[in-house]
file structure_8.cif (mmCIF, C-alpha atoms)
data_coords
loop_
_atom_site.group_PDB
_atom_site.id
_atom_site.type_symbol
_atom_site.label_atom_id
_atom_site.label_comp_id
_atom_site.auth_asym_id
_atom_site.auth_seq_id
_atom_site.Cartn_x
_atom_site.Cartn_y
_atom_site.Cartn_z
ATOM 1 C CA MET Y 1092 73.773 127.312 45.377
ATOM 2 C CA SER Y 1093 74.756 129.913 47.962
ATOM 3 C CA CYS Y 1094 74.950 127.302 50.729
ATOM 4 C CA TRP Y 1095 77.049 125.042 48.527
ATOM 5 C CA GLN Y 1096 79.347 127.962 47.734
ATOM 6 C CA ARG Y 1097 79.778 128.829 51.407
ATOM 7 C CA GLY Y 1098 80.531 125.197 52.233
ATOM 8 C CA SER Y 1099 83.138 125.182 49.520
ATOM 9 C CA ASN Y 1100 84.604 128.382 50.956
ATOM 10 C CA VAL Y 1101 84.882 126.846 54.439
ATOM 11 C CA LYS Y 1102 86.522 123.743 52.980
ATOM 12 C CA GLU Y 1103 89.021 125.871 51.112
ATOM 13 C CA TYR Y 1104 89.734 127.931 54.254
ATOM 14 C CA VAL Y 1105 90.402 124.765 56.271
ATOM 15 C CA SER Y 1106 92.829 123.450 53.685
ATOM 16 C CA GLN Y 1107 94.716 126.764 53.601
ATOM 17 C CA ASN Y 1108 94.678 127.467 57.394
ATOM 18 C CA PRO Y 1109 95.445 124.304 59.437
ATOM 19 C CA PRO Y 1110 96.060 126.242 62.723
ATOM 20 C CA GLY Y 1111 92.664 127.935 62.481
ATOM 21 C CA ALA Y 1112 90.958 124.634 61.725
ATOM 22 C CA THR Y 1113 92.689 123.005 64.709
ATOM 23 C CA PHE Y 1114 91.546 125.813 67.005
ATOM 24 C CA PHE Y 1115 87.974 125.405 65.724
ATOM 25 C CA LEU Y 1116 87.998 121.653 66.388
ATOM 26 C CA CYS Y 1117 89.348 122.226 69.909
ATOM 27 C CA LEU Y 1118 86.519 124.649 70.690
ATOM 28 C CA LEU Y 1119 83.931 122.277 69.250
ATOM 29 C CA THR Y 1120 85.309 119.322 71.249
ATOM 30 C CA LEU Y 1121 85.331 121.392 74.431
ATOM 31 C CA ALA Y 1122 81.722 122.468 73.883
ATOM 32 C CA LEU Y 1123 80.575 118.875 73.327
ATOM 33 C CA SER Y 1124 82.512 117.772 76.437
ATOM 34 C CA PHE Y 1125 80.704 120.356 78.550
ATOM 35 C CA MET Y 1126 77.371 119.125 77.211
ATOM 36 C CA VAL Y 1127 78.257 115.517 78.141
ATOM 37 C CA LEU Y 1128 79.396 116.607 81.614
ATOM 38 C CA SER Y 1129 76.142 118.482 82.100
ATOM 39 C CA SER Y 1130 74.137 115.367 81.214
ATOM 40 C CA TYR Y 1131 76.279 113.248 83.563
ATOM 41 C CA ASN Y 1132 75.794 115.796 86.340
ATOM 42 C CA TYR Y 1133 72.016 115.525 86.034
ATOM 43 C CA SER Y 1134 71.991 111.719 86.258
ATOM 44 C CA HIS Y 1135 74.631 111.065 88.945
ATOM 45 C CA THR Y 1136 75.220 112.131 92.535
ATOM 46 C CA LEU Y 1137 78.608 113.812 92.844
ATOM 47 C CA PRO Y 1138 80.818 114.635 95.850
ATOM 48 C CA ASN Y 1139 81.086 118.265 96.883
ATOM 49 C CA PRO Y 1140 84.497 119.559 95.673
ATOM 50 C CA ASP Y 1141 84.373 122.457 98.160
ATOM 51 C CA ILE Y 1142 84.593 120.054 101.119
ATOM 52 C CA ALA Y 1143 88.260 119.167 101.503
ATOM 53 C CA GLN Y 1144 87.840 117.216 104.747
ATOM 54 C CA ASP Y 1145 85.043 114.756 105.467
ATOM 55 C CA TRP Y 1146 84.632 111.797 107.812
ATOM 56 C CA ASN Y 1147 86.104 109.399 105.255
ATOM 57 C CA THR Y 1148 89.420 111.270 105.169
ATOM 58 C CA LEU Y 1149 89.446 111.628 108.947
ATOM 59 C CA LEU Y 1150 88.881 107.920 109.527
ATOM 60 C CA SER Y 1151 91.384 107.001 106.833
ATOM 61 C CA SER Y 1152 94.038 109.080 108.611
ATOM 62 C CA PHE Y 1153 93.131 107.519 111.958
ATOM 63 C CA SER Y 1154 93.374 103.971 110.583
ATOM 64 C CA GLN Y 1155 97.053 104.523 109.739
ATOM 65 C CA PHE Y 1156 97.938 104.273 113.443
ATOM 66 C CA HIS Y 1157 98.250 101.376 115.875
ATOM 67 C CA LEU Y 1158 96.739 101.612 119.335
ATOM 68 C CA CYS Y 1159 98.871 100.012 122.048
ATOM 69 C CA GLU Y 1160 97.718 99.458 125.604
ATOM 70 C CA LYS Y 1161 99.240 101.677 128.269
ATOM 71 C CA GLU Y 1162 100.753 100.067 131.318
ATOM 72 C CA ASN Y 1163 99.393 101.052 134.762
ATOM 73 C CA ALA Y 1164 97.015 103.611 133.232
ATOM 74 C CA SER Y 1165 93.737 104.590 134.834
ATOM 75 C CA ALA Y 1166 90.465 104.231 132.945
ATOM 76 C CA ALA Y 1167 89.067 107.306 134.679
ATOM 77 C CA PHE Y 1168 90.403 109.411 131.794
ATOM 78 C CA TYR Y 1169 87.526 108.287 129.608
ATOM 79 C CA THR Y 1170 84.839 109.806 131.757
ATOM 80 C CA SER Y 1171 86.709 113.076 132.193
ATOM 81 C CA SER Y 1172 87.868 113.757 128.613
ATOM 82 C CA ILE Y 1173 84.956 112.337 126.576
ATOM 83 C CA PRO Y 1174 81.754 112.458 128.579
ATOM 84 C CA PRO Y 1175 79.205 109.820 127.488
ATOM 85 C CA LEU Y 1176 76.001 111.131 126.006
ATOM 86 C CA SER Y 1177 72.877 111.030 128.095
ATOM 87 C CA SER Y 1178 69.935 108.860 127.111
ATOM 88 C CA THR Y 1179 67.881 112.009 126.498
ATOM 89 C CA GLN Y 1180 70.337 113.218 123.854
ATOM 90 C CA LYS Y 1181 70.328 109.824 122.171
ATOM 91 C CA THR Y 1182 66.528 109.776 122.049
ATOM 92 C CA ASP Y 1183 65.967 113.332 120.865
ATOM 93 C CA GLN Y 1184 68.477 113.344 118.011
ATOM 94 C CA LYS Y 1185 66.810 110.972 115.571
ATOM 95 C CA THR Y 1186 67.989 112.589 112.367
ATOM 96 C CA SER Y 1187 71.553 113.605 113.113
ATOM 97 C CA VAL Y 1188 74.751 112.465 114.690
ATOM 98 C CA ASN Y 1189 74.903 112.704 118.480
ATOM 99 C CA THR Y 1190 76.570 116.044 119.161
ATOM 100 C CA THR Y 1191 77.202 117.882 122.407
ATOM 101 C CA ARG Y 1192 78.424 121.479 122.555
ATOM 102 C CA HIS Y 1193 80.596 122.666 125.423
ATOM 103 C CA PRO Y 1194 81.323 126.252 126.497
ATOM 104 C CA SER Y 1195 84.953 125.857 125.418
ATOM 105 C CA SER Y 1196 83.878 125.324 121.774
ATOM 106 C CA VAL Y 1197 84.624 121.606 122.048
ATOM 107 C CA THR Y 1198 82.246 119.273 120.233
ATOM 108 C CA VAL Y 1199 81.543 115.678 121.186
ATOM 109 C CA VAL Y 1200 80.333 113.542 118.278
ATOM 110 C CA GLN Y 1201 79.295 109.886 118.194
ATOM 111 C CA LEU Y 1202 79.360 108.003 114.897
ATOM 112 C CA HIS Y 1203 78.627 104.430 113.883
ATOM 113 C CA VAL Y 1204 81.511 103.983 111.434
ATOM 114 C CA PRO Y 1205 82.889 101.115 109.300
ATOM 115 C CA LEU Y 1206 86.073 100.512 111.298
ATOM 116 C CA THR Y 1207 87.249 97.017 112.210
ATOM 117 C CA VAL Y 1208 89.817 96.316 114.894
ATOM 118 C CA THR Y 1209 92.339 93.469 115.075
ATOM 119 C CA SER Y 1210 94.693 92.652 117.943
ATOM 120 C CA SER Y 1211 98.339 91.628 117.965
ATOM 121 C CA SER Y 1212 97.621 89.283 120.878
ATOM 122 C CA PRO Y 1213 95.725 86.068 120.073
ATOM 123 C CA SER Y 1214 94.295 85.983 123.595
ATOM 124 C CA ALA Y 1215 92.863 89.499 123.452
ATOM 125 C CA MET Y 1216 89.073 89.746 123.474
ATOM 126 C CA LEU Y 1217 87.663 92.114 120.867
ATOM 127 C CA LYS Y 1218 84.144 92.253 122.252
ATOM 128 C CA ASP Y 1219 82.522 94.785 124.538
ATOM 129 C CA ILE Y 1220 85.678 96.845 125.064
ATOM 130 C CA GLY Y 1221 86.438 100.533 124.724
ATOM 131 C CA LEU Y 1222 89.755 101.983 123.535
ATOM 132 C CA PHE Y 1223 90.434 105.636 124.225
ATOM 133 C CA THR Y 1224 93.355 107.884 123.409
ATOM 134 C CA THR Y 1225 94.369 111.458 122.577
ATOM 135 C CA LEU Y 1226 95.948 112.700 119.360
ATOM 136 C CA THR Y 1227 96.762 116.094 117.923
ATOM 137 C CA ALA Y 1228 94.756 117.539 115.059
ATOM 138 C CA SER Y 1229 97.831 117.459 112.801
ATOM 139 C CA GLN Y 1230 98.055 113.668 113.147
ATOM 140 C CA LEU Y 1231 94.554 113.406 111.656
ATOM 141 C CA ASN Y 1232 95.217 116.108 109.024
ATOM 142 C CA LEU Y 1233 92.637 118.335 110.710
ATOM 143 C CA GLY Y 1234 94.645 121.267 111.966
ATOM 144 C CA ASP Y 1235 97.657 122.083 114.113
ATOM 145 C CA LYS Y 1236 98.244 121.071 117.737
ATOM 146 C CA GLU Y 1237 94.657 121.028 118.988
ATOM 147 C CA PRO Y 1238 93.948 117.960 121.167
ATOM 148 C CA VAL Y 1239 91.528 115.402 119.754
ATOM 149 C CA ASN Y 1240 90.147 112.762 122.151
ATOM 150 C CA LEU Y 1241 88.929 109.523 120.596
ATOM 151 C CA ALA Y 1242 87.074 106.558 122.092
ATOM 152 C CA LEU Y 1243 86.225 103.364 120.230
ATOM 153 C CA GLU Y 1244 83.518 101.056 121.534
ATOM 154 C CA ILE Y 1245 83.778 97.555 120.084
ATOM 155 C CA LEU Y 1246 80.504 95.705 120.593
ATOM 156 C CA SER Y 1247 79.767 92.039 120.039
ATOM 157 C CA GLU Y 1248 76.629 92.791 117.976
ATOM 158 C CA ASP Y 1249 78.519 94.213 114.976
ATOM 159 C CA SER Y 1250 82.069 93.170 114.100
ATOM 160 C CA LYS Y 1251 82.322 95.404 111.010
ATOM 161 C CA HIS Y 1252 81.426 98.694 112.701
ATOM 162 C CA ILE Y 1253 82.369 100.453 115.885
ATOM 163 C CA CYS Y 1254 80.931 103.371 117.829
ATOM 164 C CA LEU Y 1255 83.436 106.212 117.582
ATOM 165 C CA THR Y 1256 83.229 109.085 120.050
ATOM 166 C CA ILE Y 1257 85.372 112.075 119.140
ATOM 167 C CA SER Y 1258 85.912 115.211 121.200
ATOM 168 C CA ALA Y 1259 87.639 118.137 119.487
ATOM 169 C CA PRO Y 1260 87.297 121.870 118.764
ATOM 170 C CA ALA Y 1261 84.209 122.423 116.638
ATOM 171 C CA ASN Y 1262 86.050 124.394 113.951
ATOM 172 C CA ILE Y 1263 88.338 121.514 112.901
ATOM 173 C CA LEU Y 1264 85.767 118.731 112.611
ATOM 174 C CA PRO Y 1265 83.822 118.038 109.401
ATOM 175 C CA LEU Y 1266 80.726 120.207 109.583
ATOM 176 C CA THR Y 1267 78.198 117.941 107.919
ATOM 177 C CA LEU Y 1268 76.099 115.738 110.211
ATOM 178 C CA PHE Y 1269 74.964 112.306 109.121
ATOM 179 C CA HIS Y 1270 72.240 109.810 110.072
ATOM 180 C CA LEU Y 1271 74.731 107.452 111.698
ATOM 181 C CA GLU Y 1272 73.832 107.282 115.351
ATOM 182 C CA CYS Y 1273 75.346 104.721 117.660
ATOM 183 C CA SER Y 1274 72.650 102.403 118.935
ATOM 184 C CA ALA Y 1275 72.060 102.344 122.668
ATOM 185 C CA SER Y 1276 73.645 99.350 124.367
ATOM 186 C CA GLU Y 1277 73.215 98.009 127.882
ATOM 187 C CA THR Y 1278 76.435 95.987 127.675
ATOM 188 C CA ASN Y 1279 79.132 96.729 130.230
ATOM 189 C CA ILE Y 1280 82.143 98.144 128.418
ATOM 190 C CA THR Y 1281 85.704 97.506 129.625
ATOM 191 C CA ASN Y 1282 87.641 100.735 129.010
ATOM 192 C CA ILE Y 1283 91.295 100.345 127.989
ATOM 193 C CA PRO Y 1284 93.587 103.390 127.686
ATOM 194 C CA VAL Y 1285 95.856 103.171 124.639
ATOM 195 C CA GLU Y 1286 98.597 105.222 123.040
ATOM 196 C CA VAL Y 1287 99.038 105.960 119.358
ATOM 197 C CA THR Y 1288 102.028 104.699 117.393
ATOM 198 C CA LYS Y 1289 102.917 104.439 113.730
ATOM 199 C CA GLN Y 1290 104.742 101.105 114.062
ATOM 200 C CA LEU Y 1291 104.128 98.080 116.220
ATOM 201 C CA PRO Y 1292 106.544 97.909 119.158
ATOM 202 C CA ALA Y 1293 108.922 94.968 119.551
ATOM 203 C CA SER Y 1294 107.747 94.299 123.127
ATOM 204 C CA SER Y 1295 104.933 91.983 124.146
ATOM 205 C CA GLN Y 1296 102.614 94.958 124.564
ATOM 206 C CA THR Y 1297 99.094 94.339 123.244
ATOM 207 C CA CYS Y 1298 98.334 96.557 120.245
ATOM 208 C CA TYR Y 1299 95.293 97.041 118.051
ATOM 209 C CA SER Y 1300 95.257 97.752 114.320
ATOM 210 C CA LEU Y 1301 92.477 99.644 112.586
ATOM 211 C CA HIS Y 1302 91.054 98.764 109.181
ATOM 212 C CA PHE Y 1303 88.870 101.259 107.375
ATOM 213 C CA LYS Y 1304 86.748 100.900 104.256
ATOM 214 C CA SER Y 1305 85.464 104.081 102.677
ATOM 215 C CA ASP Y 1306 81.720 104.576 103.145
ATOM 216 C CA PRO Y 1307 79.729 106.684 100.624
ATOM 217 C CA ALA Y 1308 77.413 107.728 103.458
ATOM 218 C CA LEU Y 1309 80.338 109.601 105.005
ATOM 219 C CA THR Y 1310 81.098 111.590 101.850
ATOM 220 C CA VAL Y 1311 79.652 115.081 101.504
ATOM 221 C CA MET Y 1312 77.625 115.078 98.272
ATOM 222 C CA LEU Y 1313 76.247 117.941 96.204
ATOM 223 C CA THR Y 1314 72.625 118.801 96.873
ATOM 224 C CA LEU Y 1315 70.087 118.632 94.029
ATOM 225 C CA GLU Y 1316 70.044 122.431 93.825
ATOM 226 C CA GLU Y 1317 73.850 122.591 93.615
ATOM 227 C CA GLN Y 1318 73.850 119.929 90.898
ATOM 228 C CA ARG Y 1319 71.227 121.859 88.945
ATOM 229 C CA VAL Y 1320 73.242 125.083 89.125
ATOM 230 C CA ALA Y 1321 76.456 123.304 88.086
ATOM 231 C CA ALA Y 1322 74.729 121.642 85.111
ATOM 232 C CA GLN Y 1323 73.196 124.970 84.068
ATOM 233 C CA HIS Y 1324 76.605 126.664 84.086
ATOM 234 C CA LEU Y 1325 78.081 123.861 81.981
ATOM 235 C CA VAL Y 1326 75.294 124.222 79.420
ATOM 236 C CA GLU Y 1327 75.759 128.008 79.299
ATOM 237 C CA VAL Y 1328 79.496 127.666 78.645
ATOM 238 C CA ALA Y 1329 78.861 125.006 75.995
ATOM 239 C CA VAL Y 1330 76.356 127.250 74.199
ATOM 240 C CA CYS Y 1331 78.847 130.150 74.239
ATOM 241 C CA LEU Y 1332 81.557 127.943 72.738
ATOM 242 C CA LEU Y 1333 79.167 126.688 70.048
ATOM 243 C CA GLY Y 1334 78.342 130.313 69.265
ATOM 244 C CA VAL Y 1335 82.033 131.092 68.816
ATOM 245 C CA CYS Y 1336 82.341 128.081 66.509
ATOM 246 C CA LEU Y 1337 79.422 129.347 64.437
ATOM 247 C CA ILE Y 1338 80.983 132.813 64.173
ATOM 248 C CA LEU Y 1339 84.260 131.285 63.010
ATOM 249 C CA CYS Y 1340 82.426 129.285 60.309
ATOM 250 C CA VAL Y 1341 80.604 132.378 59.034
ATOM 251 C CA ALA Y 1342 83.807 134.428 59.113
ATOM 252 C CA ALA Y 1343 85.690 131.757 57.152
ATOM 253 C CA SER Y 1344 82.998 131.605 54.443
ATOM 254 C CA LEU Y 1345 82.757 135.393 54.095
ATOM 255 C CA LYS Y 1346 86.511 135.882 54.081
ATOM 256 C CA ASN Y 1347 86.951 133.562 51.111
ATOM 257 C CA ASN Y 1348 84.119 135.327 49.257
ATOM 258 C CA ILE Y 1349 85.743 138.714 49.798
ATOM 259 C CA THR Y 1350 89.189 137.389 48.825
ATOM 260 C CA ARG Y 1351 87.829 135.833 45.618
ATOM 261 C CA ARG Y 1352 85.918 139.027 44.749
ATOM 262 C CA ASP Y 1353 89.052 141.164 45.205
ATOM 263 C CA PHE Y 1354 91.072 138.740 43.115
ATOM 264 C CA LEU Y 1355 88.538 138.914 40.268
ATOM 265 C CA LYS Y 1356 88.532 142.728 40.369
ATOM 266 C CA VAL Y 1357 92.328 142.835 40.101
ATOM 267 C CA GLU Y 1358 92.239 140.330 37.233
ATOM 268 C CA ASP Y 1359 89.565 142.314 35.370
ATOM 269 C CA SER Y 1360 91.508 145.532 35.766
ATOM 270 C CA GLN Y 1361 94.584 143.914 34.306
ATOM 271 C CA ASN Y 1362 92.603 142.652 31.268
ATOM 272 C CA GLU Y 1363 91.095 146.063 30.412
ATOM 273 C CA PRO Y 1364 92.642 147.640 27.222
ATOM 274 C CA LEU Y 1365 94.686 150.740 27.719
ATOM 275 C CA ILE Y 1366 92.878 153.911 26.631
ATOM 276 C CA GLU Y 1367 94.924 156.016 24.266
ATOM 277 C CA SER Y 1368 95.212 159.605 25.305
#
call {"tool": "encode", "arguments": {"input": "structure_8.cif", "output": "structure tokens"}}
result
Amino acid sequence: MSCWQRGSNVKEYVSQNPPGATFFLCLLTLALSFMVLSSYNYSHTLPNPDIAQDWNTLLSSFSQFHLCEKENASAAFYTSSIPPLSSTQKTDQKTSVNTTRHPSSVTVVQLHVPLTVTSSSPSAMLKDIGLFTTLTASQLNLGDKEPVNLALEILSEDSKHICLTISAPANILPLTLFHLECSASETNITNIPVEVTKQLPASSQTCYSLHFKSDPALTVMLTLEEQRVAAQHLVEVAVCLLGVCLILCVAASLKNNITRRDFLKVEDSQNEPLIES
């Protein structure tokens, strides 16, 4: 009987206080949403929201440009600005991207990335060539005016990927290393110096366009421990909100009991006969 009475009290409170009932439903919906998010977090791999810049965003920015061949340029720039990695470095680093540290805090990284290259000239050969250029960090949304040297090796073995060598200050590159080494190749590469442009020139200059498809392997994901902590926090917040909802229910039932009791006391006092002095 007591439970039925309290349920009746809550029903009466809801009918008399629509704003309070709306607030209660919002809290309850929010708590259930956090519980669903916690369950989703346990069963899915999620990207790390603290990493604003990863290799996907870098390559996406780079693919917005066209690379046009320079006239009367020397290919010696490639060996001086982006030194090729030694065979020892390629052999030793089996579980990370090829990386070379220089005293000037410049990092050289080699990545096997999903970039495809097309040419504006039908006669241009897109096999066993290397394109190299220099950009500023701001052009790649990495920083300010720091120089970033890039070299693209287009091999005949794989038309959907290229070997990208990037040389830049270590503090502006994505920090996470990936298992995406460039395979060793004995093919002779023809190095072609290019310049970066946003639009294709009207001249007969040979230009190359880049096409990039986002690769999940290049996205920085949350570790299992980070996912566990995030899910635990969501559950804790959901439990707190459910506790607040429970307190509101109890308060609503008790308030109506107290109000009804006070009303009955006032009514009884009004019905008492007056005592003659």
call {"tool": "closest_residue", "arguments": {"input": "structure_8.cif", "among": "Y:Ser1274, Y:Thr1281, Y:Thr1148, Y:Ser1211", "to": "Y:Pro1307", "atoms": "only C-alpha atoms"}}
result
Y:Thr1148
call {"tool": "residues_around", "arguments": {"input": "structure_8.cif", "residues": "Y:Gln1323", "least_positions_apart": "5", "cutoff": "12 Å", "atoms": "all atoms listed in the file", "output": "PDB file with C-alpha atoms, in the coordinates of the input"}}
result
ATOM      1  CA  PHE Y1125      80.704 120.356  78.550  1.00  0.00           C
ATOM      2  CA  MET Y1126      77.371 119.125  77.211  1.00  0.00           C
ATOM      3  CA  LEU Y1128      79.396 116.607  81.614  1.00  0.00           C
ATOM      4  CA  SER Y1129      76.142 118.482  82.100  1.00  0.00           C
ATOM      5  CA  SER Y1130      74.137 115.367  81.214  1.00  0.00           C
ATOM      6  CA  ASN Y1132      75.794 115.796  86.340  1.00  0.00           C
ATOM      7  CA  TYR Y1133      72.016 115.525  86.034  1.00  0.00           C
ATOM      8  CA  GLU Y1316      70.044 122.431  93.825  1.00  0.00           C
ATOM      9  CA  GLU Y1317      73.850 122.591  93.615  1.00  0.00           C
ATOM     10  CA  GLN Y1318      73.850 119.929  90.898  1.00  0.00           C
ATOM     11  CA  VAL Y1328      79.496 127.666  78.645  1.00  0.00           C
ATOM     12  CA  ALA Y1329      78.861 125.006  75.995  1.00  0.00           C
ATOM     13  CA  VAL Y1330      76.356 127.250  74.199  1.00  0.00           C
TER      14      VAL Y1330
END
call {"tool": "atom_distance", "arguments": {"input": "structure_8.cif", "atom1": "atom CA of Y:Cys1117", "atom2": "atom CA of Y:Cys1336"}}
result
9.7 Å
call {"tool": "resolve_selection", "arguments": {"input": "structure_8.cif", "expression": "the PyMOL selection byres ((chain Y and resi 1255) around 7)", "output": "PDB file with C-alpha atoms, in the coordinates of the input"}}
result
ATOM      1  CA  GLN Y1201      79.295 109.886 118.194  1.00  0.00           C
ATOM      2  CA  LEU Y1202      79.360 108.003 114.897  1.00  0.00           C
ATOM      3  CA  HIS Y1203      78.627 104.430 113.883  1.00  0.00           C
ATOM      4  CA  VAL Y1204      81.511 103.983 111.434  1.00  0.00           C
ATOM      5  CA  ALA Y1242      87.074 106.558 122.092  1.00  0.00           C
ATOM      6  CA  LEU Y1243      86.225 103.364 120.230  1.00  0.00           C
ATOM      7  CA  GLU Y1244      83.518 101.056 121.534  1.00  0.00           C
ATOM      8  CA  ILE Y1253      82.369 100.453 115.885  1.00  0.00           C
ATOM      9  CA  CYS Y1254      80.931 103.371 117.829  1.00  0.00           C
ATOM     10  CA  THR Y1256      83.229 109.085 120.050  1.00  0.00           C
ATOM     11  CA  ILE Y1257      85.372 112.075 119.140  1.00  0.00           C
TER      12      ILE Y1257
END
call {"tool": "resolve_selection", "arguments": {"input": "structure_8.cif", "expression": "the PyMOL selection byres ((chain Y and resi 1154) around 9)", "output": "list in words"}}
result
Leu1149, Leu1150, Ser1151, Ser1152, Phe1153, Gln1155, Phe1156, His1157, Leu1206, Ser1300, Leu1301, His1302 and Phe1303 of chain Y
call {"tool": "closest_residue", "arguments": {"input": "structure_8.cif", "among": "Y:Gln1107, Y:Ser1344, Y:Thr1136, Y:Thr1120", "to": "Y:Met1312", "atoms": "all atoms listed in the file"}}
result
Y:Thr1136
call {"tool": "atom_distance", "arguments": {"input": "structure_8.cif", "atom1": "atom CA of Y:Pro1109", "atom2": "atom CA of Y:Leu1345"}}
result
17.7 Å
call {"tool": "closest_residue", "arguments": {"input": "structure_8.cif", "among": "Y:Val1200, Y:Leu1123, Y:Val1311, Y:Ala1112", "to": "Y:Ala1259", "atoms": "only C-alpha atoms"}}
result
Y:Val1200
call {"tool": "resolve_selection", "arguments": {"input": "structure_8.cif", "expression": "the PyMOL selection byres ((chain Y and resi 1213-1221) around 12)", "output": "ChimeraX atom specification"}}
result
/Y:1158,1160,1166,1169-1170,1207-1212,1222-1224,1241-1256,1276-1285,1295-1300
call {"tool": "write_last_selection", "arguments": {"input": "structure_8.cif", "atoms": "C-alpha atoms", "output": "PDB file, in the frame of the given file"}}
result
ATOM      1  CA  LEU Y1158      96.739 101.612 119.335  1.00  0.00           C
ATOM      2  CA  GLU Y1160      97.718  99.458 125.604  1.00  0.00           C
ATOM      3  CA  ALA Y1166      90.465 104.231 132.945  1.00  0.00           C
ATOM      4  CA  TYR Y1169      87.526 108.287 129.608  1.00  0.00           C
ATOM      5  CA  THR Y1170      84.839 109.806 131.757  1.00  0.00           C
ATOM      6  CA  THR Y1207      87.249  97.017 112.210  1.00  0.00           C
ATOM      7  CA  VAL Y1208      89.817  96.316 114.894  1.00  0.00           C
ATOM      8  CA  THR Y1209      92.339  93.469 115.075  1.00  0.00           C
ATOM      9  CA  SER Y1210      94.693  92.652 117.943  1.00  0.00           C
ATOM     10  CA  SER Y1211      98.339  91.628 117.965  1.00  0.00           C
ATOM     11  CA  SER Y1212      97.621  89.283 120.878  1.00  0.00           C
ATOM     12  CA  LEU Y1222      89.755 101.983 123.535  1.00  0.00           C
ATOM     13  CA  PHE Y1223      90.434 105.636 124.225  1.00  0.00           C
ATOM     14  CA  THR Y1224      93.355 107.884 123.409  1.00  0.00           C
ATOM     15  CA  LEU Y1241      88.929 109.523 120.596  1.00  0.00           C
ATOM     16  CA  ALA Y1242      87.074 106.558 122.092  1.00  0.00           C
ATOM     17  CA  LEU Y1243      86.225 103.364 120.230  1.00  0.00           C
ATOM     18  CA  GLU Y1244      83.518 101.056 121.534  1.00  0.00           C
ATOM     19  CA  ILE Y1245      83.778  97.555 120.084  1.00  0.00           C
ATOM     20  CA  LEU Y1246      80.504  95.705 120.593  1.00  0.00           C
ATOM     21  CA  SER Y1247      79.767  92.039 120.039  1.00  0.00           C
ATOM     22  CA  GLU Y1248      76.629  92.791 117.976  1.00  0.00           C
ATOM     23  CA  ASP Y1249      78.519  94.213 114.976  1.00  0.00           C
ATOM     24  CA  SER Y1250      82.069  93.170 114.100  1.00  0.00           C
ATOM     25  CA  LYS Y1251      82.322  95.404 111.010  1.00  0.00           C
ATOM     26  CA  HIS Y1252      81.426  98.694 112.701  1.00  0.00           C
ATOM     27  CA  ILE Y1253      82.369 100.453 115.885  1.00  0.00           C
ATOM     28  CA  CYS Y1254      80.931 103.371 117.829  1.00  0.00           C
ATOM     29  CA  LEU Y1255      83.436 106.212 117.582  1.00  0.00           C
ATOM     30  CA  THR Y1256      83.229 109.085 120.050  1.00  0.00           C
ATOM     31  CA  SER Y1276      73.645  99.350 124.367  1.00  0.00           C
ATOM     32  CA  GLU Y1277      73.215  98.009 127.882  1.00  0.00           C
ATOM     33  CA  THR Y1278      76.435  95.987 127.675  1.00  0.00           C
ATOM     34  CA  ASN Y1279      79.132  96.729 130.230  1.00  0.00           C
ATOM     35  CA  ILE Y1280      82.143  98.144 128.418  1.00  0.00           C
ATOM     36  CA  THR Y1281      85.704  97.506 129.625  1.00  0.00           C
ATOM     37  CA  ASN Y1282      87.641 100.735 129.010  1.00  0.00           C
ATOM     38  CA  ILE Y1283      91.295 100.345 127.989  1.00  0.00           C
ATOM     39  CA  PRO Y1284      93.587 103.390 127.686  1.00  0.00           C
ATOM     40  CA  VAL Y1285      95.856 103.171 124.639  1.00  0.00           C
ATOM     41  CA  SER Y1295     104.933  91.983 124.146  1.00  0.00           C
ATOM     42  CA  GLN Y1296     102.614  94.958 124.564  1.00  0.00           C
ATOM     43  CA  THR Y1297      99.094  94.339 123.244  1.00  0.00           C
ATOM     44  CA  CYS Y1298      98.334  96.557 120.245  1.00  0.00           C
ATOM     45  CA  TYR Y1299      95.293  97.041 118.051  1.00  0.00           C
ATOM     46  CA  SER Y1300      95.257  97.752 114.320  1.00  0.00           C
TER      47      SER Y1300
END
call {"tool": "atom_distance", "arguments": {"input": "structure_8.cif", "atom1": "atom CA of Y:Cys1159", "atom2": "atom CA of Y:Thr1288"}}
result
7.3 Å
call {"tool": "closest_residue", "arguments": {"input": "structure_8.cif", "among": "Y:Ala1308, Y:Leu1313, Y:Cys1340, Y:Leu1231", "to": "Y:Val1105", "atoms": "only C-alpha atoms"}}
result
Y:Cys1340
call {"tool": "closest_residue", "arguments": {"input": "structure_8.cif", "among": "Y:Leu1325, Y:Thr1225, Y:Tyr1104, Y:Pro1238", "to": "Y:Ala1342", "atoms": "all atoms listed in the file"}}
result
Y:Tyr1104
call {"tool": "closest_residue", "arguments": {"input": "structure_8.cif", "among": "Y:Ala1321, Y:Pro1110, Y:Thr1227, Y:Lys1304", "to": "Y:Ser1258", "atoms": "all atoms listed in the file"}}
result
Y:Thr1227
call {"tool": "decode", "arguments": {"input": "structure_8.cif", "residues": "stretch 1318-1330 of chain Y", "atoms": "C-alpha atoms", "output": "PDB file, in the first residue's frame"}}
result
ATOM      1  CA  GLN Y1318      39.443   2.851 -23.724  1.00  0.00           C
ATOM      2  CA  ARG Y1319      38.955   1.104 -20.388  1.00  0.00           C
ATOM      3  CA  VAL Y1320      39.500   4.331 -18.443  1.00  0.00           C
ATOM      4  CA  ALA Y1321      37.130   6.275 -20.720  1.00  0.00           C
ATOM      5  CA  ALA Y1322      34.407   3.618 -20.371  1.00  0.00           C
ATOM      6  CA  GLN Y1323      34.856   3.572 -16.588  1.00  0.00           C
ATOM      7  CA  HIS Y1324      34.414   7.348 -16.387  1.00  0.00           C
ATOM      8  CA  LEU Y1325      31.256   7.157 -18.498  1.00  0.00           C
ATOM      9  CA  VAL Y1326      29.799   4.498 -16.203  1.00  0.00           C
ATOM     10  CA  GLU Y1327      30.666   6.552 -13.106  1.00  0.00           C
ATOM     11  CA  VAL Y1328      28.923   9.639 -14.497  1.00  0.00           C
ATOM     12  CA  ALA Y1329      25.899   7.561 -15.515  1.00  0.00           C
ATOM     13  CA  VAL Y1330      25.615   6.077 -12.014  1.00  0.00           C
TER      14      VAL Y1330
END
